[in-house]
Amino acid sequence: MEHIFSTEISILEISYLFASILFILGLKKLSHPETARAGNLWAAAGMIAAIVFTILFHKKDGQPIGNIIWIVVAIAIGSVIGWYSSKKVKMTAMPQMVSIFNGMGGACAALISLMEFPKMQTMFAAAGATNMFNGEAIAILLALMIGGVSFAGSMIAFGKLDGRIGNFKSPILRIVNLSFLVLLLIAVVFIMTLQPVAGNNMIIYLFAIAALIYGVTFVMPIGGADMPVVISLLNSFTGVAAAMGGFLYNNQAMLTGGILVGSSGTILTILMCKAMNRSLLNVIIGAFGGNAESSVQSGDKNVKEISLSDAAILLSYSQKVYIIPGYGLAVAQAQHLCHELDNLLESKGVEVKYGIHPVAGRMPGHMNVLLAEADVPYEKLVEMDDVNNDISNTDVVIVIGANDVVNPAAETDPSSPIFGMPVIKAWDAKNIIVMKRSMAKGYAAIENNLFYHAKNRMLFGDAKATLQKLIAEIKSI
Amino acid sequence: MEEILKFFLEYKEAIFIIILSIFLGIEVISHVPAVLHTPLMSGSNAIHGVVIIGAIIVMGHATDTLSLVLGFIAVILGTLNVVGGFVVTDRMLEMFKKKKTNKNNK
């Protein structure tokens with residue numbers, strides 16, 4: 001690292017310092033509801049500064065950045081596609097979108113490594129090195145491996161969330177995965193022991209392909225319900241891959257930005273697991289769903305239905321109603337109708353609130369975003385613990401398109417895969433109405449005894465159509 | 001052993017930054033409410049788009065066609081990560097903002 005003074009380099013480094021500070025402050029602000037939006041913009045400002053000053057002032061061996069026109073064209077293409085697709089995507093499909101963008105970052109890191117490896121090899125070959133035990137090689141190989149895994153994994157996670165890829169569970173895959181990971185790590189060390197030969201790059205392409213395959217097999221056996229955790233984990237992976245790039249280029253903005261995401265992403269992943277009362281290891285090994293027939297004695301259990309007019313009367317003459325929304329509500333795009341129902345009941349003097357489970361929807365906090373989109377006021381969204389304290393003096397709980405988050409098995413059945421997960425105790429209310437398309441199982445693929453509960457009555461049908469009819473019915477009373 | 005010590009000395013600045021940033025990252029987000037998990041994930045997703053700087057550097061010094069093409073793709077992917085990440089996060093957080101104004105109007 002030679003420190004030759006030049007005004008341009010100084011400005012560049014100051015811009016990186018500035019960017020790093022903005023990333024840190026941005027993340028800090030992002031973790032408070034009041035300041036979150038500003039935090040996002042601060043981080044974006046830091047990013048723009050870092051990008052612009054890199055293009056203007058970066059020098060490598062005294063050479064300024066070339067091909068500027070192509071760089072600007074590429075940035076323009078990326079910006080247009082990125083802007084357009086993220087403006088157009090539906091709020092319900094947000095998790096998939098985050099997954100794709102994360103994959104792009106991982107692919108970017110992997111491509112950088114693919115291009116830097118031959119250069120590095122040529123350089124060390126010229127210097128007459130006998131092996132590649134050096135910081136550059138470690139950074140290149142790790143960025144390629146982690147970036148590749150993150151890219152392939154994110155694409156699979158996207159496919160699963162989007163319902164394009166089903167669950168592929170097999171105990172063999174776990175063993176395959178573990179050996180694959182060990183193999184990849186051995187490959188890193190093995191490549192470093194090789195004597196650098198200029199132009200001998202086949203090994204790095206093979207390594208890249210292996211990383212991609214591992215990314216696929218890593219995410220494949222993990223259940224769809226766990227995808228948010230996986231995306232969060234892959235997010236922190238990409239952070240580490242970016243940091244490796246920073247190490248390679250001795251670039252502090254990449255280094256701090258990447259590591260910051262890597263560590264905060266890991267903590268976020270653990271927090272998400274905690275919200276579902278599961279361990280990260282459990283998620284990765286994948287014990288969720290599938291063969292969980294354990295406690296289901298579906299013998300003589302009766303499901304009672306409720307007619308629309310009965311439901312309308314029950315709701316209209318209640319004092320306090322809780323709506324427990326789930327992903328089914330979002331899929332049916334019924335948030336707005338839900339808000340209409342809530343307004344209608346309020347006009348009849350009924351107190352209506354929403355009980356939000358931390359992992360309702362497809363990601364933690366997803367449901368809050370979806371309801372906010374439908375203009376439901378913030379004060380009406382009640383968090384799980386407060387709902388549970390309040391629920392025994394609630395007249396009616398309406399469960400719309402939710403399932404696992406109100407499953408009593410989480411409290412009563414130790415053999416259930418969701419046992420121990422905190423749930424909303426809908427069964428403590430005086431009446432329960434479950435709105436559901438069919439008796440199908442929830443995302444965790446387990447039976448829900450709430451549906452057979454003495455207080456519960458089912459209102460079958462598509463959430464949107466049923467809500468529409470229910471609203472009409474209440475209006476006619 | 002000597003190799004490791006040498007390695008540490010050679011890259012001590014980067015190693016310091018890495019270690020300190022790990023603690024910073026943990027500290028900065030440790031008290032985030034569950035409501036913000038998704039936007040925070042999305043926001044940090046955008047921040048690791050900083051990898052685009054690496055793509056710009058590679059592209060800026062590319063001489064042969066293959067590097068040019070790969071660099072071009074890398075810059076596009078990096079930009080997608082940055083722009084998409086920040087815009088999606090902003091859209092999510094916009095929802096939270098709306099409630100505020102509603103509250104104020106009442």
# chains A, B, ... in the order shown; residues from 1 in each chain; ligands from 1

$ interface_residues --of "chain B" --to "chain A" --cutoff "7 Å" --atoms "only C-alpha atoms" --output "number ranges by chain"
B: 14, 17-18, 21-22, 25-26, 28-29, 32, 34-38, 40-45, 47-51, 53-58, 60-61, 67, 70, 72, 74-81, 83-88, 90, 92-93, 95-96, 99

$ residues_around --residues "range 385-388 of chain A" --least-positions-apart "5" --cutoff "8 Å" --atoms "only C-alpha atoms" --output "list in words"
Gly355, Ile424 and Lys425 of chain A

$ residues_around --residues "Val321 in chain A" --least-positions-apart "2" --cutoff "12 Å" --atoms "only C-alpha atoms" --output "JSON, numbers by chain"
{"A": [314, 315, 316, 317, 318, 319, 323, 324, 341, 342, 345, 346, 349, 350, 351, 352, 353, 354, 355, 380, 387, 390, 391, 392, 393, 394, 395, 396, 397, 398, 399, 426, 429, 430, 431, 432, 433]}

$ write_last_selection --atoms "N, CA, C and O atoms" --output "compact mmCIF listing (two decimals), in the first residue's frame"
# COMPACT_ATOMS: atom_id res chain seq x y z
N LEU A 314 -73.76 -11.50 14.25
CA LEU A 314 -72.82 -11.68 15.36
C LEU A 314 -71.85 -10.51 15.43
O LEU A 314 -71.59 -9.95 16.50
N LEU A 315 -71.33 -10.13 14.27
CA LEU A 315 -70.34 -9.05 14.24
C LEU A 315 -70.98 -7.70 14.59
O LEU A 315 -70.41 -6.92 15.36
N SER A 316 -72.15 -7.46 14.04
CA SER A 316 -72.78 -6.15 14.24
C SER A 316 -73.12 -5.89 15.69
O SER A 316 -73.14 -4.75 16.14
N TYR A 317 -73.44 -6.94 16.43
CA TYR A 317 -73.86 -6.74 17.82
C TYR A 317 -72.75 -7.07 18.81
O TYR A 317 -73.01 -7.25 19.99
N SER A 318 -71.51 -7.11 18.31
CA SER A 318 -70.39 -7.32 19.22
C SER A 318 -69.92 -5.97 19.73
O SER A 318 -70.25 -4.93 19.17
N GLN A 319 -69.15 -6.03 20.82
CA GLN A 319 -68.55 -4.80 21.30
C GLN A 319 -67.12 -4.69 20.85
O GLN A 319 -66.61 -3.62 20.55
N ILE A 323 -59.46 -8.76 14.27
CA ILE A 323 -59.23 -9.40 12.98
C ILE A 323 -57.80 -9.94 12.99
O ILE A 323 -56.86 -9.21 13.30
N ILE A 324 -57.65 -11.24 12.75
CA ILE A 324 -56.32 -11.83 12.68
C ILE A 324 -56.01 -12.13 11.21
O ILE A 324 -56.49 -13.12 10.65
N LEU A 341 -64.66 -3.38 5.97
CA LEU A 341 -65.44 -4.08 7.00
C LEU A 341 -65.20 -3.43 8.35
O LEU A 341 -66.14 -3.18 9.12
N ASP A 342 -63.95 -3.12 8.61
CA ASP A 342 -63.56 -2.53 9.88
C ASP A 342 -64.23 -1.16 10.05
O ASP A 342 -64.82 -0.87 11.09
N LEU A 345 -68.05 -1.67 10.68
CA LEU A 345 -68.36 -2.11 12.05
C LEU A 345 -68.14 -0.99 13.05
O LEU A 345 -68.91 -0.82 13.98
N GLU A 346 -67.09 -0.20 12.82
CA GLU A 346 -66.83 0.93 13.72
C GLU A 346 -68.00 1.91 13.70
O GLU A 346 -68.38 2.46 14.72
N GLY A 349 -70.52 1.15 16.03
CA GLY A 349 -70.10 1.21 17.42
C GLY A 349 -69.29 0.02 17.90
O GLY A 349 -69.09 -0.18 19.09
N VAL A 350 -68.83 -0.82 16.97
CA VAL A 350 -68.02 -1.98 17.36
C VAL A 350 -66.56 -1.55 17.38
O VAL A 350 -66.10 -0.85 16.49
N GLU A 351 -65.85 -1.98 18.40
CA GLU A 351 -64.43 -1.68 18.44
C GLU A 351 -63.67 -2.74 17.65
O GLU A 351 -63.74 -3.92 17.96
N VAL A 352 -62.99 -2.33 16.59
CA VAL A 352 -62.29 -3.29 15.74
C VAL A 352 -60.79 -3.05 15.79
O VAL A 352 -60.32 -1.92 15.65
N LYS A 353 -60.05 -4.11 16.02
CA LYS A 353 -58.59 -4.01 16.00
C LYS A 353 -58.02 -5.19 15.22
O LYS A 353 -58.71 -6.17 14.97
N TYR A 354 -56.74 -5.05 14.84
CA TYR A 354 -56.07 -6.12 14.12
C TYR A 354 -55.04 -6.76 15.03
O TYR A 354 -54.24 -6.06 15.64
N GLY A 355 -55.05 -8.06 15.10
CA GLY A 355 -54.04 -8.77 15.87
C GLY A 355 -52.96 -9.27 14.92
O GLY A 355 -53.22 -10.09 14.05
N LYS A 380 -54.40 0.76 15.08
CA LYS A 380 -55.29 -0.41 15.10
C LYS A 380 -54.53 -1.72 15.04
O LYS A 380 -55.10 -2.78 15.26
N VAL A 387 -52.40 -8.52 22.17
CA VAL A 387 -53.63 -9.21 21.76
C VAL A 387 -53.95 -10.28 22.77
O VAL A 387 -55.08 -10.40 23.25
N ASP A 390 -55.52 -9.22 25.86
CA ASP A 390 -56.78 -8.53 25.66
C ASP A 390 -57.87 -9.47 25.17
O ASP A 390 -59.04 -9.12 25.14
N ILE A 391 -57.49 -10.69 24.79
CA ILE A 391 -58.38 -11.48 23.95
C ILE A 391 -59.55 -12.08 24.72
O ILE A 391 -60.62 -12.32 24.14
N SER A 392 -59.41 -12.30 26.06
CA SER A 392 -60.50 -12.97 26.77
C SER A 392 -61.74 -12.09 26.86
O SER A 392 -62.84 -12.60 27.02
N ASN A 393 -61.59 -10.75 26.76
CA ASN A 393 -62.81 -9.93 26.73
C ASN A 393 -63.15 -9.45 25.32
O ASN A 393 -63.69 -8.38 25.14
N THR A 394 -62.78 -10.28 24.36
CA THR A 394 -63.12 -9.98 22.98
C THR A 394 -64.31 -10.83 22.57
O THR A 394 -64.36 -12.01 22.89
N ASP A 395 -65.27 -10.21 21.89
CA ASP A 395 -66.47 -10.96 21.53
C ASP A 395 -66.23 -11.90 20.36
O ASP A 395 -66.60 -13.06 20.39
N VAL A 396 -65.61 -11.35 19.30
CA VAL A 396 -65.39 -12.19 18.11
C VAL A 396 -63.96 -12.01 17.61
O VAL A 396 -63.45 -10.89 17.54
N VAL A 397 -63.34 -13.12 17.28
CA VAL A 397 -62.06 -13.07 16.58
C VAL A 397 -62.32 -13.57 15.16
O VAL A 397 -62.90 -14.65 14.98
N ILE A 398 -61.98 -12.77 14.17
CA ILE A 398 -62.13 -13.23 12.78
C ILE A 398 -60.73 -13.55 12.26
O ILE A 398 -59.86 -12.67 12.20
N VAL A 399 -60.54 -14.80 11.92
CA VAL A 399 -59.25 -15.20 11.37
C VAL A 399 -59.40 -15.22 9.85
O VAL A 399 -60.20 -15.97 9.31
N ALA A 426 -56.38 -17.27 19.82
CA ALA A 426 -57.71 -16.95 19.32
C ALA A 426 -58.79 -17.69 20.10
O ALA A 426 -59.90 -17.18 20.29
N ALA A 429 -61.05 -16.13 22.95
CA ALA A 429 -62.13 -15.18 22.69
C ALA A 429 -63.47 -15.87 22.86
O ALA A 429 -63.55 -17.10 22.94
N LYS A 430 -64.55 -15.05 22.89
CA LYS A 430 -65.86 -15.66 23.11
C LYS A 430 -66.36 -16.42 21.88
O LYS A 430 -67.00 -17.44 21.97
N ASN A 431 -66.09 -15.86 20.71
CA ASN A 431 -66.47 -16.53 19.46
C ASN A 431 -65.31 -16.45 18.47
O ASN A 431 -64.54 -15.49 18.49
N ILE A 432 -65.24 -17.45 17.63
CA ILE A 432 -64.20 -17.43 16.60
C ILE A 432 -64.87 -17.65 15.25
O ILE A 432 -65.73 -18.52 15.12
N ILE A 433 -64.49 -16.84 14.28
CA ILE A 433 -64.92 -17.12 12.91
C ILE A 433 -63.65 -17.29 12.08
O ILE A 433 -62.79 -16.41 12.08

$ atom_distance --atom1 "CA of Arg278 in chain A" --atom2 "CA of Ala225 in chain A"
12.2 Å

$ select_by_dssp --residues "range 155-218 of chain A" --states "helix (DSSP H, G or I)" --output "ChimeraX atom specification"
/A:155-161,171-193,202-218

$ residues_around --residues "Tyr214 in chain A" --least-positions-apart "6" --cutoff "8 Å" --atoms "only C-alpha atoms" --output "PyMOL selection string"
chain A and resi 149+177+180-181

$ select_by_dssp --residues "range 167-379 of chain A" --states "strand (DSSP E or B)" --output "PyMOL selection string"
chain A and resi 305+320-325+351-356
